[in-house]
Structures are given as C-alpha cells and as structure tokens.
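Step one of this worksheet: look at the structure below.
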Amino acid sequence: MSFTVYFVRHGQTMFNYFQRMQGWSDSPLTAKGIQDAKKAGQHLKKIQFAGVYHSDTTRTQRTCEQILAANQFSIPQPCTSMNFREQGYGYFEGNDSGQTWLIAGARHEASTYQELISNYSIEDSRDFLKEVDPFQLAENNEEFWQRLNGGFDLLRKNQTDGDQVLVVSHGTTIRSIVHHFAPEIDIISQGPVNGSVTKLIIDPNQVKVVYYNHYLDDQPY
C-alpha cells in the first residue's frame with residue numbers, strides 16, 4: 001500500500017511579509033498570499049484528491065480553499081489537523097525573526113537561522129530555541145516530531161492504496177520533513193516558497209521525497 005501526498009506551503013501572510021515568527025500564532029493572507037494559493041491551485045488542478053488536510057490555522061484553511069476552487073474534480077471535505085501545524089515558537093511567537101534566531105544562536109556562535117541550520121541542523125535549531133524560551137513553550141525536536149508523526153499516522157490510517165492526497169501545511173514543517181526523510185536534498189539554501197508544492201510517496205514503512213519546493217510553471221507536478 002502506498003499513496004502520494006502533495007504538501008503545499010500556505011500563501012504569504014502578514015507575518016511572513018514583516019519577517020516575524022509565525023508558528024502556532026496566525027495572521028491573514030496578504031494579496032500576494034491569495035495569489036500564491038491560486039497559483040498552487042493551477043499547478044494541482046488536474047489532480048483528483050482522495051483526501052484533503054490542512055493545519056488548524058486560518059492561513060492554511062484559506063490557501064486550501066483557493067486550491068480546491070481551481071480543481072477539476074469533486075473533492076472530499078477537508079480534514080483539519082493540528083498535527084500539520086508549523087513548529088511552535090513559544091515565547092517568541094510574533095517576534096522579529098532575525099532577533100529571535102540571534103537569541104537562540106548566540107551561545108552557539110551563530111547569529112542567523114541560516115548559520116544555525118548550516119553549522120548545526122534544523123533539528124538542533126528547535127532544541128536551541130527551547131533552551132532560551134523563558135516559558136519553555138517552544139517545541140524542541142522531540143516534541144515537534146511526536147506531533148508530526150501523529151499526522152503521518154493519520155494519513156496512513158485514512159488513506160488507501162493509490163490515493164492522491166493534499167496537505168496544506170507550513171514552511172519549516174515541510175523543510176523538516178524533507179530533511180528527515182531525504183537528507184541529501186538541500187533545504188539550507190532555500191526554504192519552501194509560499195504556495196510551493198513538495199511531493200511525497202508514503203507506504204507503511206517509509207516516506208520517499210519525489211521533489212521539493214516546486215513553484216514554477218515549467219516544473220512537473
């Protein structure tokens with residue numbers, strides 16, 4: 001049994017535009033974000049989805065609505081799941097992104113997120129942020145993957161052989177999935193673009209990454 005999952009990053013939001021930390025917090029799609037979602041819809045309009053999921057945020061819900069509006073087929077009712085949320089940033093939710101990663105990386109001689117994941121790893125970046133969260137509410141790597149693995153369990157439980165599935169999720173979540181299951185793919189130089197598509201094939205024992213961060217019209221989908 002195997003099925004195909006198209007992970008889509010939500011469209012640009014206000015917090016994305018202002019470069020603020022946006023994990024479990026939420027902000028509305030910008031005008032560009034709506035266009036990002038519509039573009040993803042055009043790229044996926046010929047795919048008949050047997051299952052549709054999005055995280056419990058308005059930014060993924062609104063993106064999902066735009067994607068489904070462009071689809072040529074009758075689509076099942078979307079399932080909302082907190083398992084596909086973005087990484088939780090705890091105390092740093094809504095904070096300036098550059099400042100946050102400076103605080104997390106300073107004791108590790110890294111001043112930016114790029115330096116953190118290059119010199120250490122995306123997994124370590126979660127643990128480092130948890131270390132400096134005064135409320136200890138940021139997700140560390142173990143907590144993040146415990147939640148996300150619940151999402152993969154949900155997909156395996158609900159879907160059947162040959163299904164094609166849409167999951168509208170988040171940038172760091174998608175980036176982390178790709179690094180976890182296909183560490184040979186470069187996730188450091190670029191994170192998933194808003195509205196981009198990452199394709200996985202899932203079976204009971206493994207997850208295969210077919211492609212990462214497709215958003216151009218001439219790329220395969």
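Residue numbering restarts at 1 in every chain; chains get A, B, ... in the order shown in the structure tokens, and ligands count up from 1 in that same order.
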Within 7 Å of Ala40 (chain A), counting only C-alpha atoms, which residues show up once you throw out same-chain ones fewer than 6 positions away? Write them as a ChimeraX atom specification, please. /A:67,195-196
Any idea what's packed within 9 Å of region 134-142 of chain A, counting only C-alpha atoms, ignoring anything in its chain fewer than 6 positions away? Could you give it as a PyMOL selection string? chain A and resi 87-93+122-128
Could you write those residues out with N, CA and C atoms, as a tab-separated table (two decimals), in the first residue's frame?
```tsv
chain	number	residue	atom	x	y	z
A	87	GLN	N	6.00	24.53	13.31
A	87	GLN	CA	6.76	24.43	14.56
A	87	GLN	C	6.26	25.49	15.54
A	88	GLY	N	6.13	25.11	16.81
A	88	GLY	CA	5.70	26.06	17.82
A	88	GLY	C	6.88	26.84	18.39
A	89	TYR	N	6.79	28.17	18.39
A	89	TYR	CA	7.91	29.01	18.81
A	89	TYR	C	7.74	29.59	20.22
A	90	GLY	N	6.68	29.17	20.91
A	90	GLY	CA	6.52	29.56	22.31
A	90	GLY	C	6.55	31.06	22.54
A	91	TYR	N	7.40	31.48	23.48
A	91	TYR	CA	7.52	32.89	23.85
A	91	TYR	C	7.83	33.78	22.65
A	92	PHE	N	8.47	33.24	21.64
A	92	PHE	CA	8.94	34.05	20.51
A	92	PHE	C	7.90	34.22	19.40
A	93	GLU	N	6.71	33.69	19.58
A	93	GLU	CA	5.66	33.88	18.58
A	93	GLU	C	5.42	35.37	18.33
A	122	ILE	N	18.67	21.67	11.38
A	122	ILE	CA	17.33	22.20	11.62
A	122	ILE	C	16.75	21.60	12.89
A	123	GLU	N	17.15	20.37	13.20
A	123	GLU	CA	16.71	19.72	14.44
A	123	GLU	C	17.30	20.44	15.65
A	124	ASP	N	18.60	20.75	15.59
A	124	ASP	CA	19.25	21.46	16.69
A	124	ASP	C	18.65	22.84	16.91
A	125	SER	N	18.23	23.49	15.82
A	125	SER	CA	17.67	24.85	15.96
A	125	SER	C	16.44	24.84	16.86
A	126	ARG	N	15.65	23.77	16.82
A	126	ARG	CA	14.48	23.67	17.68
A	126	ARG	C	14.91	23.53	19.15
A	127	ASP	N	15.89	22.68	19.36
A	127	ASP	CA	16.36	22.48	20.74
A	127	ASP	C	16.99	23.75	21.30
A	128	PHE	N	17.72	24.49	20.47
A	128	PHE	CA	18.36	25.72	20.92
A	128	PHE	C	17.31	26.78	21.28
```
To one decimal place in Å, what is the distance between CA of Arg9 (chain A) and CA of Gln72 (chain A)? 20.8 Å
Non-local contacts of Val52 (chain A) (8 Å; only C-alpha atoms; under 3 positions in same chain excluded) as an MDAnalysis selection string: chainID A and resid 49 75:79 165:167
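Among A:Ser55, A:Val209, A:Gln114, A:Gln164, the residue with the shortest atom-to-atom distance to Gly151 (chain A), counting only C-alpha atoms, is A:Ser55.
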Can you measure CA of Gly98 (chain A) to CA of Gln12 (chain A) for me? One decimal in Å is fine. 18.0 Å
Sorted by chain and rising residue number, list the residues of region 48-94 of chain A at most 8 Å from region 25-38 of chain A (counting only C-alpha atoms), each with its closest atom pair and distance in Å to one decimal, as a tab-separated table.
```
residue	atom	partner	partner_atom	distance
A:Thr57	CA	A:Asp26	CA	6.5
A:Thr58	CA	A:Asp26	CA	7.0
A:Arg59	CA	A:Pro28	CA	6.1
A:Arg62	CA	A:Leu29	CA	7.8
A:Thr63	CA	A:Ala37	CA	5.0
A:Cys64	CA	A:Ala37	CA	7.5
A:Gln66	CA	A:Lys38	CA	5.5
A:Ile67	CA	A:Lys38	CA	6.0
A:Ala70	CA	A:Lys38	CA	7.4
A:Glu93	CA	A:Ser25	CA	6.3
A:Gly94	CA	A:Ser25	CA	7.2
```
File of the preceding selection, C-alpha atoms, as a PDB file, in the first residue's frame:
```pdb
ATOM      1  CA  THR A  57      -4.756  27.781  11.137  1.00  0.00           C
ATOM      2  CA  THR A  58      -6.697  30.217   9.001  1.00  0.00           C
ATOM      3  CA  ARG A  59      -3.732  30.688   6.666  1.00  0.00           C
ATOM      4  CA  ARG A  62      -7.749  29.916   3.177  1.00  0.00           C
ATOM      5  CA  THR A  63      -4.961  28.548   0.995  1.00  0.00           C
ATOM      6  CA  CYS A  64      -6.708  25.177   0.810  1.00  0.00           C
ATOM      7  CA  GLN A  66      -8.239  28.553  -3.178  1.00  0.00           C
ATOM      8  CA  ILE A  67      -6.547  25.325  -4.281  1.00  0.00           C
ATOM      9  CA  ALA A  70      -9.408  25.565  -9.045  1.00  0.00           C
ATOM     10  CA  GLU A  93       5.660  33.875  18.583  1.00  0.00           C
ATOM     11  CA  GLY A  94       5.199  37.141  16.700  1.00  0.00           C
TER      12      GLY A  94
END
```
Return as number ranges by chain the full set of residues in chain A whose backbone-based DSSP assignment is helix (DSSP H, G or I). A: 14-17, 31-43, 58-70, 82-84, 90-92, 97-108, 113-119, 122-132, 141-158, 171-181
Using only C-alpha atoms for the distances, tell me which of A:Ser176, A:Asn149, A:Gln99, A:Gln48 is nearest to Leu129 (chain A). A:Gln99
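Every protein, DNA or RNA residue with an atom at most 10 Å from Asp186 (chain A), where only C-alpha atoms count and chain neighbours fewer than 5 positions away do not, is listed here: Arg175, Val178, His179, Gly191 and Tyr212 of chain A.
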Based on the selection just made, write N, CA, C and O atoms of those residues as a compact mmCIF listing (two decimals), in the first residue's frame.
```
# COMPACT_ATOMS: atom_id res chain seq x y z
N ARG A 175 10.04 21.80 5.32
CA ARG A 175 11.51 21.76 5.27
C ARG A 175 12.05 20.65 6.16
O ARG A 175 12.97 19.90 5.78
N VAL A 178 11.36 17.08 4.69
CA VAL A 178 12.30 16.75 3.60
C VAL A 178 13.67 16.40 4.15
O VAL A 178 14.29 15.42 3.73
N HIS A 179 14.16 17.18 5.11
CA HIS A 179 15.48 16.90 5.67
C HIS A 179 15.50 15.56 6.41
O HIS A 179 16.49 14.82 6.36
N GLY A 191 14.23 27.69 1.77
CA GLY A 191 13.06 27.03 2.33
C GLY A 191 11.95 27.00 1.31
O GLY A 191 12.04 27.62 0.24
N TYR A 212 10.96 18.60 -4.13
CA TYR A 212 10.86 19.60 -3.06
C TYR A 212 10.75 21.00 -3.65
O TYR A 212 11.47 21.35 -4.59
```
Mind checking which residues fall within 10 Å of Arg156 (chain A), counting only C-alpha atoms, ignoring those fewer than 3 positions away in the same chain, and posting them as a ChimeraX atom specification? /A:1-3,150-153,159-161,202-204
One decimal place gives the CA of Lys39 (chain A)-CA of Leu154 (chain A) separation as 27.4 Å
Neighbour list for Asn119 (chain A) as a ChimeraX atom specification, cut-off 10 Å, only C-alpha atoms, skip fewer than 4 positions in-chain: /A:108-110,113-115,124
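By only C-alpha atoms, and with residues fewer than 6 positions from Val210 (chain A) along its chain excluded, the set lying at most 8 Å from it is Thr198, Lys199, Leu200 and Ile201 of chain A.
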Residues of the last selection are to be written out with C-alpha atoms, as a JSON list (two decimals), in the first residue's frame.
```json
[["chain", "number", "residue", "atom", "x", "y", "z"],
["A", 198, "THR", "CA", 6.54, 19.17, -2.24],
["A", 199, "LYS", "CA", 5.60, 15.66, -3.34],
["A", 200, "LEU", "CA", 5.93, 12.55, -1.16],
["A", 201, "ILE", "CA", 5.13, 8.87, -1.61]]
```
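Closest approach to His170 (chain A) among A:Val132, A:Val197, A:Leu44, A:Leu68: A:Val197, based on only C-alpha atoms.
Residues of region 95-191 of chain A that DSSP places in strand (DSSP E or B), based on the backbone of this structure, are Asp96, Gln164, Val165, Leu166, Val167, Val168 and Ser169 of chain A.
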May I have the residues from that selection written out with C-alpha atoms, as a PDB file, in the first residue's frame?
```
ATOM      1  CA  ASP A  96      11.126  39.663  14.866  1.00  0.00           C
ATOM      2  CA  GLN A 164      -3.566  11.192  -4.105  1.00  0.00           C
ATOM      3  CA  VAL A 165      -3.708  13.491  -1.087  1.00  0.00           C
ATOM      4  CA  LEU A 166      -3.412  17.238  -0.494  1.00  0.00           C
ATOM      5  CA  VAL A 167      -1.905  18.558   2.754  1.00  0.00           C
ATOM      6  CA  VAL A 168      -1.665  22.333   3.188  1.00  0.00           C
ATOM      7  CA  SER A 169       0.942  22.996   5.828  1.00  0.00           C
TER       8      SER A 169
END
```
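Using only C-alpha atoms for every distance, the candidate list A:Pro183, A:Pro220, A:Gly171, A:Gly23 yields A:Gly171 as the residue closest to Phe7 (chain A).
When only C-alpha atoms are used to compute distances to Thr100 (chain A), the closest of the residues A:Ile117, A:Leu148, A:Ile177, A:Met21 turns out to be A:Met21.
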